[in-house]
Amino acid sequence: MTKDDLRAYYAVFAEREWQRLTNADDGAIEYALTCAMLERYLPAQGRILDIGGGAGRYTVWLARRGYKVVLADLSPNLLELAQARIADADVTEQIEAIVEADACDLSRWSDESFDAVVSLGPFYHLPDSKDRERAADELVRVLRPGGAAFIALMPRLALLRRILARPDERKHLADGAWVARLMEHGIFENSAAGKFTYGYGAKPAEIEPFFRQHGLEQMMLLSAEGITDGIQKAVSEALASESNIRQEIFNLLVETADDPTILGMANHLLYVGRRS
């Protein structure tokens, strides 16, 4: 599969990508915890690259808080939707540029030109190890020394669990070579029509050494859904309705999100690092 396949996938599901991060049964907790980490580790002001920012949900969040943002993505359809959502949010003046770009090639930007880089999608769409190496090198190159990087990944077991949960995708389990590619190398290839196309599943223990090798110092590695996998809807509804304990619930999610015993079974991981 190619990056054109990826563009085709997101061309069909662009609106769903915008909605996903507010869906109580899907990405709402992920969004809330990711924003909490952005609040914790971002500088008070600065220029931020949102690479792989898709429909612009995080770009809007950043712009509303006064950051200057460059939004870049591989998908022109997602960027078209992002432009509309940015206008709807009335934050256009904070957006420096909206450009089609590949995370493996950030050559349009000079060295050390961003105060932070947000990359919440590209790395789990890069099954080729050379592409992951290039993407990491490029991310670090454009990040100023001391700048923060926020990188989303998918654990290997999350991709296996995905296959087990979907009848039209379970056929892959009959292919021993397919299973071996996933379990041994993290390579995920999906021929089911209209589904998540191809990707890479990381082993949590390999994440810190990988990014350290590329010049990042880990500050945190957490489950983006915290401990809520399987109960996301119930917890999202509690956060929305139980105002008397809302903060206590959310604090608990934040405090337990980096428990190493849950990382391998998370749906998404969030790596937070600082350029050395």
# chains A, B, ... in the order shown; residues from 1 in each chain; ligands from 1
call {"tool": "residues_around", "arguments": {"residues": "Phe150 (chain A)", "least_positions_apart": "2", "cutoff": "8 Å", "atoms": "only C-alpha atoms", "output": "mmCIF file with N, CA and C atoms, in the first residue's frame"}}
result
data_model
loop_
_atom_site.group_PDB
_atom_site.id
_atom_site.type_symbol
_atom_site.label_atom_id
_atom_site.label_comp_id
_atom_site.auth_asym_id
_atom_site.auth_seq_id
_atom_site.Cartn_x
_atom_site.Cartn_y
_atom_site.Cartn_z
ATOM 1 N N LEU A 38 -0.365 18.905 26.449
ATOM 2 C CA LEU A 38 0.036 20.122 25.743
ATOM 3 C C LEU A 38 0.108 21.298 26.714
ATOM 4 N N VAL A 117 6.754 20.815 18.239
ATOM 5 C CA VAL A 117 6.197 20.063 17.118
ATOM 6 C C VAL A 117 5.174 19.079 17.661
ATOM 7 N N VAL A 118 3.998 19.097 17.067
ATOM 8 C CA VAL A 118 2.919 18.172 17.410
ATOM 9 C C VAL A 118 2.764 17.217 16.229
ATOM 10 N N SER A 119 2.888 15.922 16.501
ATOM 11 C CA SER A 119 2.813 14.908 15.441
ATOM 12 C C SER A 119 1.907 13.779 15.924
ATOM 13 N N LEU A 120 0.610 13.976 15.761
ATOM 14 C CA LEU A 120 -0.360 13.056 16.369
ATOM 15 C C LEU A 120 -1.018 12.147 15.334
ATOM 16 N N ALA A 148 9.641 21.147 22.748
ATOM 17 C CA ALA A 148 8.890 19.930 23.076
ATOM 18 C C ALA A 148 8.314 19.287 21.824
ATOM 19 N N ALA A 152 2.195 10.845 18.683
ATOM 20 C CA ALA A 152 1.254 9.745 18.909
ATOM 21 C C ALA A 152 1.765 8.485 18.226
ATOM 22 N N LEU A 270 0.993 8.415 23.776
ATOM 23 C CA LEU A 270 1.501 9.761 23.542
ATOM 24 C C LEU A 270 2.895 9.855 24.138
ATOM 25 N N TYR A 271 3.862 10.112 23.287
ATOM 26 C CA TYR A 271 5.242 10.341 23.718
ATOM 27 C C TYR A 271 5.466 11.845 23.789
ATOM 28 N N VAL A 272 6.004 12.297 24.910
ATOM 29 C CA VAL A 272 6.368 13.702 25.059
ATOM 30 C C VAL A 272 7.870 13.762 25.291
ATOM 31 N N GLY A 273 8.559 14.461 24.413
ATOM 32 C CA GLY A 273 10.009 14.564 24.531
ATOM 33 C C GLY A 273 10.482 15.991 24.350
#
call {"tool": "select_by_dssp", "arguments": {"residues": "region 37-158 of chain A", "states": "helix (DSSP H, G or I)", "output": "PyMOL selection string"}}
result
chain A and resi 37-41+57-64+76-88+92-94+122-125+129-142+156-158
call {"tool": "write_last_selection", "arguments": {"atoms": "N, CA and C atoms", "output": "short mmCIF file (atom, residue, chain, number, x, y, z; two decimals), in the first residue's frame"}}
result
data_model
loop_
_atom_site.label_atom_id
_atom_site.label_comp_id
_atom_site.auth_asym_id
_atom_site.auth_seq_id
_atom_site.Cartn_x
_atom_site.Cartn_y
_atom_site.Cartn_z
N MET A 37 -1.60 17.33 28.37
CA MET A 37 -0.15 17.24 28.21
C MET A 37 0.39 18.44 27.42
N LEU A 38 -0.37 18.90 26.45
CA LEU A 38 0.04 20.12 25.74
C LEU A 38 0.11 21.30 26.71
N GLU A 39 -0.88 21.42 27.56
CA GLU A 39 -0.89 22.51 28.55
C GLU A 39 0.30 22.40 29.50
N ARG A 40 0.65 21.17 29.86
CA ARG A 40 1.73 20.96 30.82
C ARG A 40 3.10 21.27 30.23
N TYR A 41 3.34 20.90 28.99
CA TYR A 41 4.70 20.91 28.45
C TYR A 41 4.98 21.96 27.38
N ARG A 57 -8.22 19.76 14.47
CA ARG A 57 -8.78 19.87 15.82
C ARG A 57 -7.75 20.44 16.80
N TYR A 58 -6.52 19.93 16.77
CA TYR A 58 -5.50 20.45 17.68
C TYR A 58 -4.97 21.81 17.23
N THR A 59 -4.93 22.05 15.94
CA THR A 59 -4.54 23.37 15.44
C THR A 59 -5.47 24.44 16.00
N VAL A 60 -6.76 24.19 15.98
CA VAL A 60 -7.72 25.14 16.53
C VAL A 60 -7.48 25.34 18.02
N TRP A 61 -7.26 24.25 18.74
CA TRP A 61 -7.00 24.33 20.19
C TRP A 61 -5.78 25.21 20.45
N LEU A 62 -4.71 24.99 19.70
CA LEU A 62 -3.48 25.76 19.88
C LEU A 62 -3.68 27.23 19.52
N ALA A 63 -4.36 27.47 18.42
CA ALA A 63 -4.58 28.85 17.98
C ALA A 63 -5.41 29.63 18.98
N ARG A 64 -6.40 28.99 19.58
CA ARG A 64 -7.23 29.66 20.58
C ARG A 64 -6.42 30.09 21.80
N PRO A 76 -5.01 16.31 1.21
CA PRO A 76 -5.62 17.59 0.82
C PRO A 76 -7.07 17.70 1.27
N ASN A 77 -7.78 16.58 1.36
CA ASN A 77 -9.17 16.61 1.81
C ASN A 77 -9.27 17.02 3.27
N LEU A 78 -8.38 16.49 4.10
CA LEU A 78 -8.38 16.88 5.50
C LEU A 78 -8.02 18.36 5.65
N LEU A 79 -7.07 18.82 4.87
CA LEU A 79 -6.66 20.22 4.96
C LEU A 79 -7.77 21.16 4.50
N GLU A 80 -8.52 20.75 3.51
CA GLU A 80 -9.66 21.57 3.06
C GLU A 80 -10.69 21.70 4.18
N LEU A 81 -10.96 20.58 4.86
CA LEU A 81 -11.89 20.63 5.98
C LEU A 81 -11.31 21.47 7.11
N ALA A 82 -10.02 21.33 7.37
CA ALA A 82 -9.38 22.11 8.43
C ALA A 82 -9.51 23.61 8.18
N GLN A 83 -9.34 24.01 6.94
CA GLN A 83 -9.45 25.43 6.62
C GLN A 83 -10.83 25.97 6.98
N ALA A 84 -11.86 25.18 6.71
CA ALA A 84 -13.22 25.59 7.05
C ALA A 84 -13.41 25.64 8.56
N ARG A 85 -12.90 24.64 9.27
CA ARG A 85 -13.07 24.59 10.72
C ARG A 85 -12.30 25.72 11.41
N ILE A 86 -11.15 26.05 10.88
CA ILE A 86 -10.36 27.16 11.42
C ILE A 86 -11.12 28.47 11.24
N ALA A 87 -11.73 28.65 10.09
CA ALA A 87 -12.53 29.85 9.85
C ALA A 87 -13.73 29.90 10.78
N ASP A 88 -14.39 28.75 10.97
CA ASP A 88 -15.53 28.68 11.87
C ASP A 88 -15.14 29.09 13.29
N THR A 92 -8.22 32.28 12.30
CA THR A 92 -7.40 32.32 11.08
C THR A 92 -6.15 33.16 11.26
N GLU A 93 -6.24 34.25 12.01
CA GLU A 93 -5.08 35.14 12.16
C GLU A 93 -3.92 34.47 12.89
N GLN A 94 -4.19 33.40 13.62
CA GLN A 94 -3.13 32.68 14.34
C GLN A 94 -2.48 31.61 13.47
N PRO A 122 1.29 10.79 12.09
CA PRO A 122 2.19 10.23 11.09
C PRO A 122 2.91 8.96 11.48
N PHE A 123 3.40 8.85 12.70
CA PHE A 123 4.28 7.72 13.02
C PHE A 123 3.58 6.38 12.98
N TYR A 124 2.29 6.33 13.28
CA TYR A 124 1.65 5.02 13.20
C TYR A 124 1.12 4.71 11.80
N HIS A 125 1.43 5.60 10.86
CA HIS A 125 1.15 5.31 9.45
C HIS A 125 2.44 5.06 8.66
N SER A 129 10.58 1.11 8.37
CA SER A 129 11.46 1.64 9.42
C SER A 129 12.29 2.82 8.92
N LYS A 130 12.66 2.82 7.64
CA LYS A 130 13.42 3.95 7.10
C LYS A 130 12.59 5.23 7.10
N ASP A 131 11.30 5.10 6.85
CA ASP A 131 10.42 6.26 6.90
C ASP A 131 10.32 6.80 8.33
N ARG A 132 10.23 5.90 9.30
CA ARG A 132 10.16 6.35 10.70
C ARG A 132 11.45 7.06 11.10
N GLU A 133 12.58 6.54 10.64
CA GLU A 133 13.86 7.18 10.92
C GLU A 133 13.89 8.59 10.32
N ARG A 134 13.46 8.71 9.07
CA ARG A 134 13.45 10.02 8.40
C ARG A 134 12.51 10.99 9.10
N ALA A 135 11.33 10.49 9.46
CA ALA A 135 10.35 11.37 10.12
C ALA A 135 10.88 11.87 11.46
N ALA A 136 11.54 11.00 12.21
CA ALA A 136 12.11 11.42 13.49
C ALA A 136 13.23 12.44 13.29
N ASP A 137 14.10 12.17 12.32
CA ASP A 137 15.19 13.12 12.04
C ASP A 137 14.64 14.48 11.63
N GLU A 138 13.63 14.48 10.78
CA GLU A 138 13.06 15.73 10.30
C GLU A 138 12.37 16.49 11.43
N LEU A 139 11.63 15.78 12.26
CA LEU A 139 10.95 16.42 13.38
C LEU A 139 11.96 17.12 14.28
N VAL A 140 13.02 16.41 14.62
CA VAL A 140 14.03 16.98 15.52
C VAL A 140 14.78 18.12 14.84
N ARG A 141 15.03 18.00 13.56
CA ARG A 141 15.76 19.06 12.84
C ARG A 141 15.04 20.40 12.90
N VAL A 142 13.72 20.40 12.72
CA VAL A 142 12.99 21.68 12.69
C VAL A 142 12.63 22.19 14.08
N ARG A 156 1.55 -2.22 19.37
CA ARG A 156 1.37 -3.38 18.49
C ARG A 156 0.11 -4.17 18.85
N LEU A 157 -0.12 -4.34 20.15
CA LEU A 157 -1.28 -5.14 20.57
C LEU A 157 -2.60 -4.44 20.25
N ALA A 158 -2.59 -3.13 20.14
CA ALA A 158 -3.82 -2.42 19.76
C ALA A 158 -4.25 -2.81 18.36
#
call {"tool": "residues_around", "arguments": {"residues": "Pro155 (chain A)", "least_positions_apart": "2", "cutoff": "8 Å", "atoms": "only C-alpha atoms", "output": "compact mmCIF listing (two decimals) with N, CA and C atoms, in the first residue's frame"}}
result
# COMPACT_ATOMS: atom_id res chain seq x y z
N LEU A 153 1.57 7.36 18.91
CA LEU A 153 1.92 6.05 18.36
C LEU A 153 0.80 5.08 18.70
N LEU A 157 -0.12 -4.34 20.15
CA LEU A 157 -1.28 -5.14 20.57
C LEU A 157 -2.60 -4.44 20.25
N ALA A 158 -2.59 -3.13 20.14
CA ALA A 158 -3.82 -2.42 19.76
C ALA A 158 -4.25 -2.81 18.36
N LEU A 159 -3.29 -2.99 17.47
CA LEU A 159 -3.62 -3.39 16.10
C LEU A 159 -4.11 -4.83 16.05
N GLY A 201 2.77 -0.70 14.45
CA GLY A 201 2.51 -0.86 15.87
C GLY A 201 3.81 -0.94 16.64
N ALA A 202 3.99 -0.06 17.59
CA ALA A 202 5.23 0.01 18.37
C ALA A 202 5.16 -0.87 19.61
N LYS A 203 6.32 -1.29 20.08
CA LYS A 203 6.44 -1.89 21.40
C LYS A 203 6.81 -0.76 22.37
N PRO A 204 6.05 -0.59 23.46
CA PRO A 204 6.34 0.53 24.36
C PRO A 204 7.79 0.62 24.82
N LEU A 263 0.43 0.42 29.18
CA LEU A 263 0.86 1.01 27.92
C LEU A 263 0.69 0.08 26.73
N GLY A 264 1.01 -1.19 26.90
CA GLY A 264 0.92 -2.12 25.78
C GLY A 264 -0.50 -2.39 25.31
N MET A 265 -1.48 -2.14 26.17
CA MET A 265 -2.88 -2.39 25.82
C MET A 265 -3.66 -1.11 25.53
N ALA A 266 -2.96 0.01 25.45
CA ALA A 266 -3.61 1.27 25.09
C ALA A 266 -4.03 1.25 23.63
N ASN A 267 -4.99 2.08 23.28
CA ASN A 267 -5.33 2.26 21.86
C ASN A 267 -4.32 3.19 21.18
N HIS A 268 -3.91 4.22 21.89
CA HIS A 268 -2.91 5.15 21.39
C HIS A 268 -1.95 5.48 22.53
N LEU A 269 -0.72 5.73 22.17
CA LEU A 269 0.28 6.21 23.12
C LEU A 269 0.65 7.64 22.76
call {"tool": "closest_residue", "arguments": {"among": "A:Asp128, A:Glu248, A:Glu208, A:Asp105", "to": "Arg181 (chain A)", "atoms": "only C-alpha atoms"}}
result
A:Asp128
call {"tool": "closest_residue", "arguments": {"among": "A:Ala234, A:Ala174, A:Leu182, A:Val70", "to": "Asp25 (chain A)", "atoms": "only C-alpha atoms"}}
result
A:Ala234
call {"tool": "closest_residue", "arguments": {"among": "A:Leu221, A:Leu126, A:Leu252, A:Leu21", "to": "Val235 (chain A)", "atoms": "only C-alpha atoms"}}
result
A:Leu252
call {"tool": "atom_distance", "arguments": {"atom1": "CA of Pro43 (chain A)", "atom2": "CA of Tyr67 (chain A)"}}
result
9.5 Å
call {"tool": "residues_around", "arguments": {"residues": "Ala72 (chain A)", "least_positions_apart": "2", "cutoff": "9 Å", "atoms": "only C-alpha atoms", "output": "PyMOL selection string"}}
result
chain A and resi 49-54+70+74-75+79+97-103
call {"tool": "closest_residue", "arguments": {"among": "A:His185, A:Arg108, A:Lys171, A:Arg274", "to": "Gly199 (chain A)", "atoms": "only C-alpha atoms"}}
result
A:His185
call {"tool": "closest_residue", "arguments": {"among": "A:Ser110, A:Leu253, A:Ile262, A:Phe13", "to": "Thr34 (chain A)", "atoms": "only C-alpha atoms"}}
result
A:Leu253
call {"tool": "atom_distance", "arguments": {"atom1": "CA of Cys104 (chain A)", "atom2": "CA of Glu15 (chain A)"}}
result
25.0 Å
call {"tool": "select_by_dssp", "arguments": {"residues": "region 168-228 of chain A", "states": "strand (DSSP E or B)", "output": "number ranges by chain"}}
result
A: 187-189, 198-202, 216-223
call {"tool": "write_last_selection", "arguments": {"atoms": "C-alpha atoms", "output": "PDB file, in the first residue's frame"}}
result
ATOM      1  CA  ILE A 187       3.748  -4.003  10.181  1.00  0.00           C
ATOM      2  CA  PHE A 188      -0.030  -3.720   9.787  1.00  0.00           C
ATOM      3  CA  GLU A 189      -1.583  -4.205   6.344  1.00  0.00           C
ATOM      4  CA  TYR A 198      -1.701   0.271   6.784  1.00  0.00           C
ATOM      5  CA  GLY A 199       0.346   1.230   9.786  1.00  0.00           C
ATOM      6  CA  TYR A 200       2.982   0.506  12.375  1.00  0.00           C
ATOM      7  CA  GLY A 201       2.508  -0.864  15.869  1.00  0.00           C
ATOM      8  CA  ALA A 202       5.232   0.011  18.366  1.00  0.00           C
ATOM      9  CA  LEU A 216      14.919  13.637  22.090  1.00  0.00           C
ATOM     10  CA  GLU A 217      14.846  13.261  25.861  1.00  0.00           C
ATOM     11  CA  GLN A 218      11.662  11.562  27.073  1.00  0.00           C
ATOM     12  CA  MET A 219       9.572  13.535  29.525  1.00  0.00           C
ATOM     13  CA  MET A 220       6.525  11.264  29.520  1.00  0.00           C
ATOM     14  CA  LEU A 221       5.038   8.238  27.774  1.00  0.00           C
ATOM     15  CA  LEU A 222       1.368   7.662  28.471  1.00  0.00           C
ATOM     16  CA  SER A 223      -1.760   5.928  27.307  1.00  0.00           C
TER      17      SER A 223
END
call {"tool": "residues_around", "arguments": {"residues": "Ile29 (chain A)", "least_positions_apart": "2", "cutoff": "8 Å", "atoms": "only C-alpha atoms", "output": "list in words"}}
result
Leu21, Ala24, Asp26, Gly27, Tyr31, Ala32, Leu33, Ala224, Glu225, Gly226, Thr228, Gln232 and Ser236 of chain A
call {"tool": "write_last_selection", "arguments": {"atoms": "N, CA and C atoms", "output": "mmCIF file, in the first residue's frame"}}
result
data_model
loop_
_atom_site.group_PDB
_atom_site.id
_atom_site.type_symbol
_atom_site.label_atom_id
_atom_site.label_comp_id
_atom_site.auth_asym_id
_atom_site.auth_seq_id
_atom_site.Cartn_x
_atom_site.Cartn_y
_atom_site.Cartn_z
ATOM 1 N N LEU A 21 -12.610 13.064 17.808
ATOM 2 C CA LEU A 21 -12.008 13.496 19.063
ATOM 3 C C LEU A 21 -13.004 14.117 20.038
ATOM 4 N N ALA A 24 -17.748 10.518 22.568
ATOM 5 C CA ALA A 24 -17.590 9.948 23.907
ATOM 6 C C ALA A 24 -17.156 8.497 23.876
ATOM 7 N N ASP A 26 -15.222 7.165 21.611
ATOM 8 C CA ASP A 26 -14.017 6.987 20.799
ATOM 9 C C ASP A 26 -12.887 7.873 21.300
ATOM 10 N N GLY A 27 -12.805 9.117 20.809
ATOM 11 C CA GLY A 27 -11.606 9.907 21.047
ATOM 12 C C GLY A 27 -11.697 11.019 22.064
ATOM 13 N N TYR A 31 -8.485 13.055 23.453
ATOM 14 C CA TYR A 31 -8.339 14.487 23.198
ATOM 15 C C TYR A 31 -8.094 15.252 24.498
ATOM 16 N N ALA A 32 -8.868 14.937 25.523
ATOM 17 C CA ALA A 32 -8.736 15.653 26.792
ATOM 18 C C ALA A 32 -7.367 15.428 27.428
ATOM 19 N N LEU A 33 -6.893 14.179 27.420
ATOM 20 C CA LEU A 33 -5.591 13.889 28.021
ATOM 21 C C LEU A 33 -4.454 14.486 27.195
ATOM 22 N N ALA A 224 -2.908 7.422 25.782
ATOM 23 C CA ALA A 224 -3.705 8.609 25.460
ATOM 24 C C ALA A 224 -5.144 8.490 25.942
ATOM 25 N N GLU A 225 -5.612 7.270 26.178
ATOM 26 C CA GLU A 225 -6.948 7.057 26.747
ATOM 27 C C GLU A 225 -6.877 6.773 28.241
ATOM 28 N N GLY A 226 -5.679 6.816 28.798
ATOM 29 C CA GLY A 226 -5.514 6.495 30.207
ATOM 30 C C GLY A 226 -5.964 5.078 30.507
ATOM 31 N N THR A 228 -9.025 4.088 30.590
ATOM 32 C CA THR A 228 -10.452 4.015 30.234
ATOM 33 C C THR A 228 -10.776 3.074 29.085
ATOM 34 N N GLN A 232 -14.683 3.997 27.916
ATOM 35 C CA GLN A 232 -14.524 5.400 27.531
ATOM 36 C C GLN A 232 -15.843 6.161 27.544
ATOM 37 N N SER A 236 -16.492 9.379 29.820
ATOM 38 C CA SER A 236 -16.787 10.644 29.138
ATOM 39 C C SER A 236 -18.100 11.237 29.631
#
call {"tool": "decode", "arguments": {"residues": "region 90-105 of chain A", "atoms": "N, CA and C atoms", "output": "PDB file, in the first residue's frame"}}
result
ATOM      1  N   ASP A  90     -12.838  31.139  14.079  1.00  0.00           N
ATOM      2  CA  ASP A  90     -12.371  32.529  14.068  1.00  0.00           C
ATOM      3  C   ASP A  90     -10.948  32.656  14.626  1.00  0.00           C
ATOM      4  N   VAL A  91     -10.068  31.744  14.191  1.00  0.00           N
ATOM      5  CA  VAL A  91      -8.671  31.791  14.637  1.00  0.00           C
ATOM      6  C   VAL A  91      -7.708  31.882  13.450  1.00  0.00           C
ATOM      7  N   THR A  92      -8.217  32.281  12.301  1.00  0.00           N
ATOM      8  CA  THR A  92      -7.397  32.316  11.085  1.00  0.00           C
ATOM      9  C   THR A  92      -6.146  33.164  11.256  1.00  0.00           C
ATOM     10  N   GLU A  93      -6.235  34.246  12.010  1.00  0.00           N
ATOM     11  CA  GLU A  93      -5.077  35.138  12.158  1.00  0.00           C
ATOM     12  C   GLU A  93      -3.919  34.473  12.890  1.00  0.00           C
ATOM     13  N   GLN A  94      -4.194  33.398  13.623  1.00  0.00           N
ATOM     14  CA  GLN A  94      -3.128  32.683  14.335  1.00  0.00           C
ATOM     15  C   GLN A  94      -2.479  31.606  13.467  1.00  0.00           C
ATOM     16  N   ILE A  95      -3.034  31.347  12.303  1.00  0.00           N
ATOM     17  CA  ILE A  95      -2.532  30.274  11.447  1.00  0.00           C
ATOM     18  C   ILE A  95      -1.551  30.856  10.438  1.00  0.00           C
ATOM     19  N   GLU A  96      -0.311  30.442  10.544  1.00  0.00           N
ATOM     20  CA  GLU A  96       0.728  30.941   9.646  1.00  0.00           C
ATOM     21  C   GLU A  96       0.612  30.327   8.256  1.00  0.00           C
ATOM     22  N   ALA A  97       0.265  29.028   8.217  1.00  0.00           N
ATOM     23  CA  ALA A  97       0.155  28.351   6.921  1.00  0.00           C
ATOM     24  C   ALA A  97      -0.607  27.052   7.088  1.00  0.00           C
ATOM     25  N   ILE A  98      -1.266  26.637   6.008  1.00  0.00           N
ATOM     26  CA  ILE A  98      -1.898  25.320   5.909  1.00  0.00           C
ATOM     27  C   ILE A  98      -1.346  24.700   4.635  1.00  0.00           C
ATOM     28  N   VAL A  99      -0.541  23.645   4.789  1.00  0.00           N
ATOM     29  CA  VAL A  99       0.187  23.125   3.631  1.00  0.00           C
ATOM     30  C   VAL A  99       0.132  21.601   3.576  1.00  0.00           C
ATOM     31  N   GLU A 100       0.163  21.085   2.351  1.00  0.00           N
ATOM     32  CA  GLU A 100       0.267  19.642   2.163  1.00  0.00           C
ATOM     33  C   GLU A 100       1.734  19.253   2.301  1.00  0.00           C
ATOM     34  N   ALA A 101       2.028  18.343   3.207  1.00  0.00           N
ATOM     35  CA  ALA A 101       3.416  17.949   3.446  1.00  0.00           C
ATOM     36  C   ALA A 101       3.469  16.544   4.024  1.00  0.00           C
ATOM     37  N   ASP A 102       4.596  15.898   3.788  1.00  0.00           N
ATOM     38  CA  ASP A 102       4.879  14.549   4.255  1.00  0.00           C
ATOM     39  C   ASP A 102       5.775  14.652   5.484  1.00  0.00           C
ATOM     40  N   ALA A 103       5.459  13.929   6.548  1.00  0.00           N
ATOM     41  CA  ALA A 103       6.263  13.976   7.769  1.00  0.00           C
ATOM     42  C   ALA A 103       7.702  13.543   7.537  1.00  0.00           C
ATOM     43  N   CYS A 104       7.945  12.792   6.469  1.00  0.00           N
ATOM     44  CA  CYS A 104       9.301  12.334   6.158  1.00  0.00           C
ATOM     45  C   CYS A 104      10.126  13.391   5.435  1.00  0.00           C
ATOM     46  N   ASP A 105       9.509  14.476   5.042  1.00  0.00           N
ATOM     47  CA  ASP A 105      10.205  15.526   4.297  1.00  0.00           C
ATOM     48  C   ASP A 105       9.663  16.889   4.705  1.00  0.00           C
TER      49      ASP A 105
END
